[in-house]
>>> print(open('entry_38.csv').read())   # CSV, C-alpha atoms
chain,number,residue,atom,x,y,z
A,1410,MET,CA,-19.9,-5.2,7.2
A,1411,PHE,CA,-23.1,-6.6,8.7
A,1412,SER,CA,-25.2,-6.0,5.6
A,1413,ASN,CA,-22.5,-7.6,3.4
A,1414,ILE,CA,-22.1,-10.8,5.4
A,1415,TYR,CA,-25.5,-11.4,7.0
A,1416,PRO,CA,-27.1,-12.9,3.8
A,1417,GLU,CA,-24.5,-15.7,3.7
A,1418,PHE,CA,-24.7,-16.2,7.5
A,1419,HIS,CA,-28.5,-16.4,7.4
A,1420,GLN,CA,-28.3,-19.1,4.8
A,1421,LEU,CA,-26.0,-21.1,7.0
A,1422,TYR,CA,-27.9,-20.5,10.3
A,1423,PRO,CA,-31.4,-19.4,9.4
A,1424,GLN,CA,-32.6,-20.2,13.0
A,1425,VAL,CA,-30.1,-17.8,14.7
A,1426,HIS,CA,-31.5,-14.4,15.6
A,1427,ILE,CA,-29.1,-11.5,15.5
A,1428,ASP,CA,-29.8,-8.1,17.1
A,1429,PRO,CA,-27.2,-5.7,15.7
A,1430,MET,CA,-26.3,-2.5,17.5
A,1431,GLU,CA,-24.1,0.4,16.4
A,1432,LEU,CA,-22.1,1.7,19.4
A,1433,SER,CA,-18.8,3.4,20.1
A,1434,VAL,CA,-16.0,1.3,21.6
A,1435,HIS,CA,-16.5,3.3,24.8
A,1436,ASP,CA,-20.1,2.1,25.0
A,1437,GLN,CA,-19.4,-1.5,23.8
A,1438,ASN,CA,-17.0,-2.4,26.6
A,1439,PRO,CA,-19.3,-2.3,29.6
A,1440,LEU,CA,-22.1,-4.0,27.8
A,1441,LEU,CA,-19.8,-6.8,26.7
A,1442,LEU,CA,-18.3,-7.2,30.2
A,1443,SER,CA,-21.8,-7.3,31.7
A,1444,GLY,CA,-23.0,-10.0,29.2
A,1445,GLN,CA,-25.5,-7.7,27.4
A,1446,LEU,CA,-23.5,-8.1,24.2
A,1447,ASP,CA,-22.2,-11.4,22.9
A,1448,ILE,CA,-19.7,-10.3,20.2
A,1449,VAL,CA,-18.4,-6.8,19.2
A,1450,PHE,CA,-16.3,-5.6,16.4
A,1451,MET,CA,-14.0,-2.7,17.1
A,1452,THR,CA,-10.9,-0.9,16.0
A,1453,LEU,CA,-8.2,-0.2,18.6
A,1454,PHE,CA,-4.6,-0.8,19.6
A,1455,GLU,CA,-3.3,-3.2,22.2
A,1456,SER,CA,-2.9,-0.5,25.0
A,1457,GLN,CA,-6.7,0.0,24.8
A,1458,GLU,CA,-7.7,-3.6,25.4
A,1459,LYS,CA,-9.6,-4.3,28.6
A,1460,LYS,CA,-9.1,-7.1,31.1
A,1461,GLY,CA,-11.7,-9.8,31.1
A,1462,LEU,CA,-12.2,-9.6,27.3
A,1463,GLU,CA,-10.7,-11.9,24.6
A,1464,TYR,CA,-9.6,-10.1,21.4
A,1465,LEU,CA,-9.4,-11.9,18.1
A,1466,ARG,CA,-7.3,-9.7,15.7
A,1467,ILE,CA,-8.8,-10.1,12.3
A,1468,ALA,CA,-7.1,-7.4,10.3
A,1469,LYS,CA,-4.8,-4.3,10.5
A,1470,GLU,CA,-5.9,-1.0,9.1
A,1471,SER,CA,-3.7,2.0,8.1
A,1472,LEU,CA,-4.5,5.6,8.9
A,1473,VAL,CA,-4.0,8.1,6.0
A,1474,LEU,CA,-3.9,11.8,5.5
A,1475,ALA,CA,-6.8,13.3,3.5
A,1476,VAL,CA,-6.3,16.6,1.8
A,1477,PRO,CA,-8.5,18.8,-0.4
A,1478,SER,CA,-7.4,18.2,-4.0
A,1479,ASP,CA,-7.1,22.0,-4.7
A,1480,LEU,CA,-4.7,22.4,-1.8
A,1481,ALA,CA,-2.7,19.4,-2.8
A,1482,LYS,CA,-2.4,20.7,-6.4
A,1483,GLN,CA,-1.3,24.1,-5.1
A,1484,MET,CA,1.4,22.6,-2.9
A,1485,ALA,CA,2.5,20.2,-5.6
A,1486,LEU,CA,3.1,23.2,-7.9
A,1487,HIS,CA,5.5,24.5,-5.3
A,1488,GLY,CA,7.3,21.2,-5.1
A,1489,SER,CA,6.2,20.3,-1.6
A,1490,PHE,CA,5.2,16.7,-2.4
A,1491,PRO,CA,4.5,14.3,-5.4
A,1492,ALA,CA,1.9,15.5,-7.8
A,1493,SER,CA,1.0,11.9,-9.0
A,1494,ASP,CA,-2.6,10.9,-8.9
A,1495,SER,CA,-3.5,8.8,-5.9
A,1496,ALA,CA,-6.9,7.6,-7.1
A,1497,SER,CA,-7.5,3.9,-7.3
A,1498,ASP,CA,-10.3,1.3,-7.1
A,1499,ASN,CA,-8.3,-0.7,-4.6
A,1500,TYR,CA,-8.2,0.1,-0.9
A,1501,LYS,CA,-4.8,-1.5,-0.7
A,1502,VAL,CA,-3.3,1.3,-2.9
A,1503,LEU,CA,0.0,2.7,-1.6
A,1504,PHE,CA,-0.5,6.4,-1.5
A,1505,PRO,CA,2.6,8.7,-1.9
A,1506,GLU,CA,4.1,9.6,1.4
A,1507,CYS,CA,3.8,13.1,2.8
A,1508,ASN,CA,5.2,15.0,5.8
A,1509,LEU,CA,2.4,16.1,8.0
A,1510,THR,CA,4.2,19.3,9.0
A,1511,LEU,CA,3.5,20.7,5.5
A,1512,PHE,CA,-0.1,21.2,6.7
A,1513,LYS,CA,0.6,22.8,10.1
A,1514,ASP,CA,-0.9,26.1,8.9
A,1515,TYR,CA,-4.1,24.5,7.7
A,1516,PRO,CA,-7.2,23.5,9.8
A,1517,PHE,CA,-8.1,19.9,10.6
A,1518,VAL,CA,-11.3,18.1,11.6
A,1519,LEU,CA,-10.6,15.3,14.1
A,1520,THR,CA,-12.6,12.7,15.9
A,1521,HIS,CA,-13.6,13.6,19.5
A,1522,LYS,CA,-11.2,13.0,22.4
A,1523,LYS,CA,-13.0,10.0,23.7
A,1524,SER,CA,-12.8,8.0,20.5
A,1525,THR,CA,-10.3,5.2,20.3
A,1526,ILE,CA,-8.6,6.6,17.3
A,1527,ARG,CA,-7.9,10.0,18.8
A,1528,GLU,CA,-5.1,8.7,21.0
A,1529,LEU,CA,-3.2,7.5,17.9
A,1530,VAL,CA,-4.0,10.7,16.0
A,1531,ASP,CA,-2.7,12.9,18.8
A,1532,HIS,CA,0.5,10.8,18.8
A,1533,ILE,CA,0.9,11.4,15.1
A,1534,PHE,CA,0.7,15.2,15.6
A,1535,THR,CA,3.1,15.0,18.5
A,1536,HIS,CA,5.6,13.1,16.4
A,1537,ALA,CA,5.2,15.7,13.7
A,1538,GLY,CA,6.0,18.4,16.2
A,1539,PHE,CA,2.9,20.7,16.2
A,1540,LYS,CA,-0.6,21.0,17.5
A,1541,PRO,CA,-3.2,21.2,14.8
A,1542,ASP,CA,-5.7,24.0,14.4
A,1543,VAL,CA,-8.9,21.9,15.0
A,1544,LEU,CA,-11.9,23.3,13.2
A,1545,PHE,CA,-14.3,21.0,15.0
A,1546,GLU,CA,-14.4,17.5,16.5
A,1547,THR,CA,-16.8,14.7,15.5
A,1548,SER,CA,-17.7,11.1,16.4
A,1549,ASN,CA,-18.2,10.2,12.7
A,1550,ASN,CA,-15.3,9.6,10.2
A,1551,HIS,CA,-17.8,10.2,7.3
A,1552,ALA,CA,-18.1,13.8,8.6
A,1553,ILE,CA,-14.4,14.2,8.4
A,1554,VAL,CA,-14.4,13.0,4.8
A,1555,SER,CA,-17.3,15.3,3.9
A,1556,ALA,CA,-15.4,18.3,5.4
A,1557,VAL,CA,-12.3,17.5,3.5
A,1558,HIS,CA,-14.4,17.0,0.3
A,1559,SER,CA,-15.8,20.5,0.8
A,1560,GLY,CA,-12.3,21.9,0.8
A,1561,ILE,CA,-12.4,23.5,4.3
A,1562,CYS,CA,-9.9,21.3,6.1
A,1563,CYS,CA,-7.5,18.3,6.2
A,1564,GLY,CA,-8.1,15.1,8.1
A,1565,ILE,CA,-6.6,11.8,9.3
A,1566,ILE,CA,-8.9,8.8,8.6
A,1567,PRO,CA,-8.8,5.0,8.6
A,1568,MET,CA,-8.3,3.4,5.2
A,1569,TYR,CA,-11.9,2.1,5.4
A,1570,TYR,CA,-13.3,5.6,4.8
A,1571,VAL,CA,-11.1,6.4,1.8
A,1572,ARG,CA,-13.1,7.4,-1.3
A,1573,PRO,CA,-10.7,6.7,-4.1
A,1574,GLN,CA,-13.0,7.9,-6.8
A,1575,ASP,CA,-13.6,11.3,-5.2
A,1576,PRO,CA,-11.8,13.9,-7.3
A,1577,HIS,CA,-12.0,16.5,-4.5
A,1578,ILE,CA,-9.8,14.5,-2.1
A,1579,ARG,CA,-6.1,13.4,-2.3
A,1580,TYR,CA,-4.8,10.8,0.1
A,1581,PHE,CA,-1.2,10.5,1.4
A,1582,ALA,CA,0.6,7.9,3.5
A,1583,LEU,CA,2.1,9.3,6.7
A,1584,PRO,CA,5.9,8.7,7.5
A,1585,GLU,CA,5.2,6.6,10.5
A,1586,HIS,CA,2.6,4.4,8.6
A,1587,PRO,CA,0.3,4.3,11.6
A,1588,GLU,CA,-2.1,1.4,11.9
A,1589,TRP,CA,-4.5,-0.2,14.4
A,1590,ASN,CA,-6.2,-3.5,14.9
A,1591,ILE,CA,-9.6,-4.5,13.7
A,1592,CYS,CA,-10.8,-7.0,16.3
A,1593,ALA,CA,-13.7,-9.2,17.3
A,1594,ALA,CA,-14.1,-9.3,21.1
A,1595,HIS,CA,-16.0,-11.4,23.6
A,1596,ARG,CA,-16.0,-11.9,27.3
A,1597,LYS,CA,-13.3,-14.4,28.3
A,1598,ASP,CA,-15.7,-16.6,30.2
A,1599,HIS,CA,-18.3,-16.5,27.4
A,1600,TYR,CA,-18.5,-19.6,25.2
A,1601,LEU,CA,-18.6,-18.9,21.5
A,1602,THR,CA,-21.0,-21.1,19.6
A,1603,LYS,CA,-20.2,-22.6,16.2
A,1604,ALA,CA,-22.6,-19.9,14.7
A,1605,ALA,CA,-20.7,-17.1,16.5
A,1606,ARG,CA,-17.4,-18.4,15.3
A,1607,GLU,CA,-18.7,-18.6,11.7
A,1608,PHE,CA,-20.0,-15.0,11.9
A,1609,ILE,CA,-16.6,-13.8,13.1
A,1610,SER,CA,-14.9,-15.7,10.2
A,1611,LEU,CA,-17.2,-14.1,7.7
A,1612,ALA,CA,-16.5,-10.6,9.2
A,1613,ALA,CA,-12.8,-11.3,9.1
A,1614,GLY,CA,-12.9,-12.1,5.4
A,1615,TYR,CA,-14.8,-8.9,4.7
A,1616,PHE,CA,-12.3,-6.7,6.6
A,1617,GLN,CA,-9.3,-8.4,5.2
A,1618,ALA,CA,-10.5,-7.8,1.7
A,1619,LEU,CA,-10.7,-4.1,2.4
A,1620,THR,CA,-7.5,-3.6,4.3
>>> encode(input="entry_38.csv", output="structure tokens")
Amino acid sequence: MFSNIYPEFHQLYPQVHIDPMELSVHDQNPLLLSGQLDIVFMTLFESQEKKGLEYLRIAKESLVLAVPSDLAKQMALHGSFPASDSASDNYKVLFPECNLTLFKDYPFVLTHKKSTIRELVDHIFTHAGFKPDVLFETSNNHAIVSAVHSGICCGIIPMYYVRPQDPHIRYFALPEHPEWNICAAHRKDHYLTKAAREFISLAAGYFQALT
């Protein structure tokens, strides 16, 4: 996001210095509350919001099931779910819906337990009625995509990480159609400058185009 919107922001406000940091939501919150960060962008749901912070919801993002293509083809031959190709150049593509219980005997790679997404992922498995066989946990959704690409597991990932042109991965919508909020957050008693509001506006446009 930053590398995409910064050139336009810099043209508008060349005198404004920005010091970008890549942090987990868990690490962002205390720094934001203490005033060490001015604005953060995070993905979470309302129950995870913290007192003292103001959240500007700029987009909603769906979570999807990622499955190795060979496994998907094998199950499609047995009539388990649609065999139609889900590849698309558009992140807004509606993938065919699939019941998660079909994959209860296959391993998954998941985000670690402290990540904001894990609470929602655990709820998805609880609703499906089984505990997944977790191959390993990671803090990086790209690692989940890479593991699915290699054919060793399935995964549940945000739409942002979908690789529609990758022939080794098939994507499916989940019956609950789970989603979470992409937010910009700042401390409630922190005044947002015109430049800060413009930066948030540019970021909102970027995320809304993807989701």
>>> residues_around(input="entry_38.csv", residues="Phe1454 (chain A)", least_positions_apart="6", cutoff="10 Å", atoms="all atoms listed in the file", output="list in words")
Lys1469, Thr1525, Ile1526, Glu1528, Leu1529, Glu1588, Trp1589, Asn1590, Ile1591 and Cys1592 of chain A
>>> residues_around(input="entry_38.csv", residues="region 1420-1433 of chain A", least_positions_apart="2", cutoff="10 Å", atoms="all atoms listed in the file", output="ChimeraX atom specification")
/A:1411,1415-1418,1435-1438,1446,1448-1452,1523-1525,1548,1603-1605,1607-1608
>>> atom_distance(input="entry_38.csv", atom1="CA of Lys1540 (chain A)", atom2="CA of Lys1513 (chain A)")
7.7 Å
>>> atom_distance(input="entry_38.csv", atom1="CA of Ile1609 (chain A)", atom2="CA of Val1554 (chain A)")
28.1 Å
>>> atom_distance(input="entry_38.csv", atom1="CA of Pro1576 (chain A)", atom2="CA of Ser1478 (chain A)")
7.0 Å
>>> residues_around(input="entry_38.csv", residues="region 1556-1573 of chain A", least_positions_apart="6", cutoff="6 Å", atoms="only C-alpha atoms", output="PyMOL selection string")
chain A and resi 1471-1477+1496-1497+1516-1518
>>> closest_residue(input="entry_38.csv", among="A:Tyr1580, A:Ser1555, A:Leu1453, A:Asn1508", to="Ala1537 (chain A)", atoms="all atoms listed in the file")
A:Asn1508
>>> residues_near_point(input="entry_38.csv", point="(-19.5, -7.1, 28.5)", cutoff="12 Å", atoms="only C-alpha atoms", output="ChimeraX atom specification")
/A:1434-1449,1459-1463,1594-1599
>>> residues_around(input="entry_38.csv", residues="Asn1549 (chain A)", least_positions_apart="4", cutoff="9 Å", atoms="all atoms listed in the file", output="ChimeraX atom specification")
/A:1520-1521,1553
>>> closest_residue(input="entry_38.csv", among="A:His1532, A:Arg1527, A:His1577, A:Arg1466", to="Glu1546 (chain A)", atoms="all atoms listed in the file")
A:Arg1527
>>> closest_residue(input="entry_38.csv", among="A:Thr1602, A:Val1530, A:Glu1506, A:Ala1593", to="Ile1467 (chain A)", atoms="all atoms listed in the file")
A:Ala1593
>>> closest_residue(input="entry_38.csv", among="A:His1536, A:His1419, A:Arg1579, A:Lys1522", to="Ala1481 (chain A)", atoms="all atoms listed in the file")
A:Arg1579
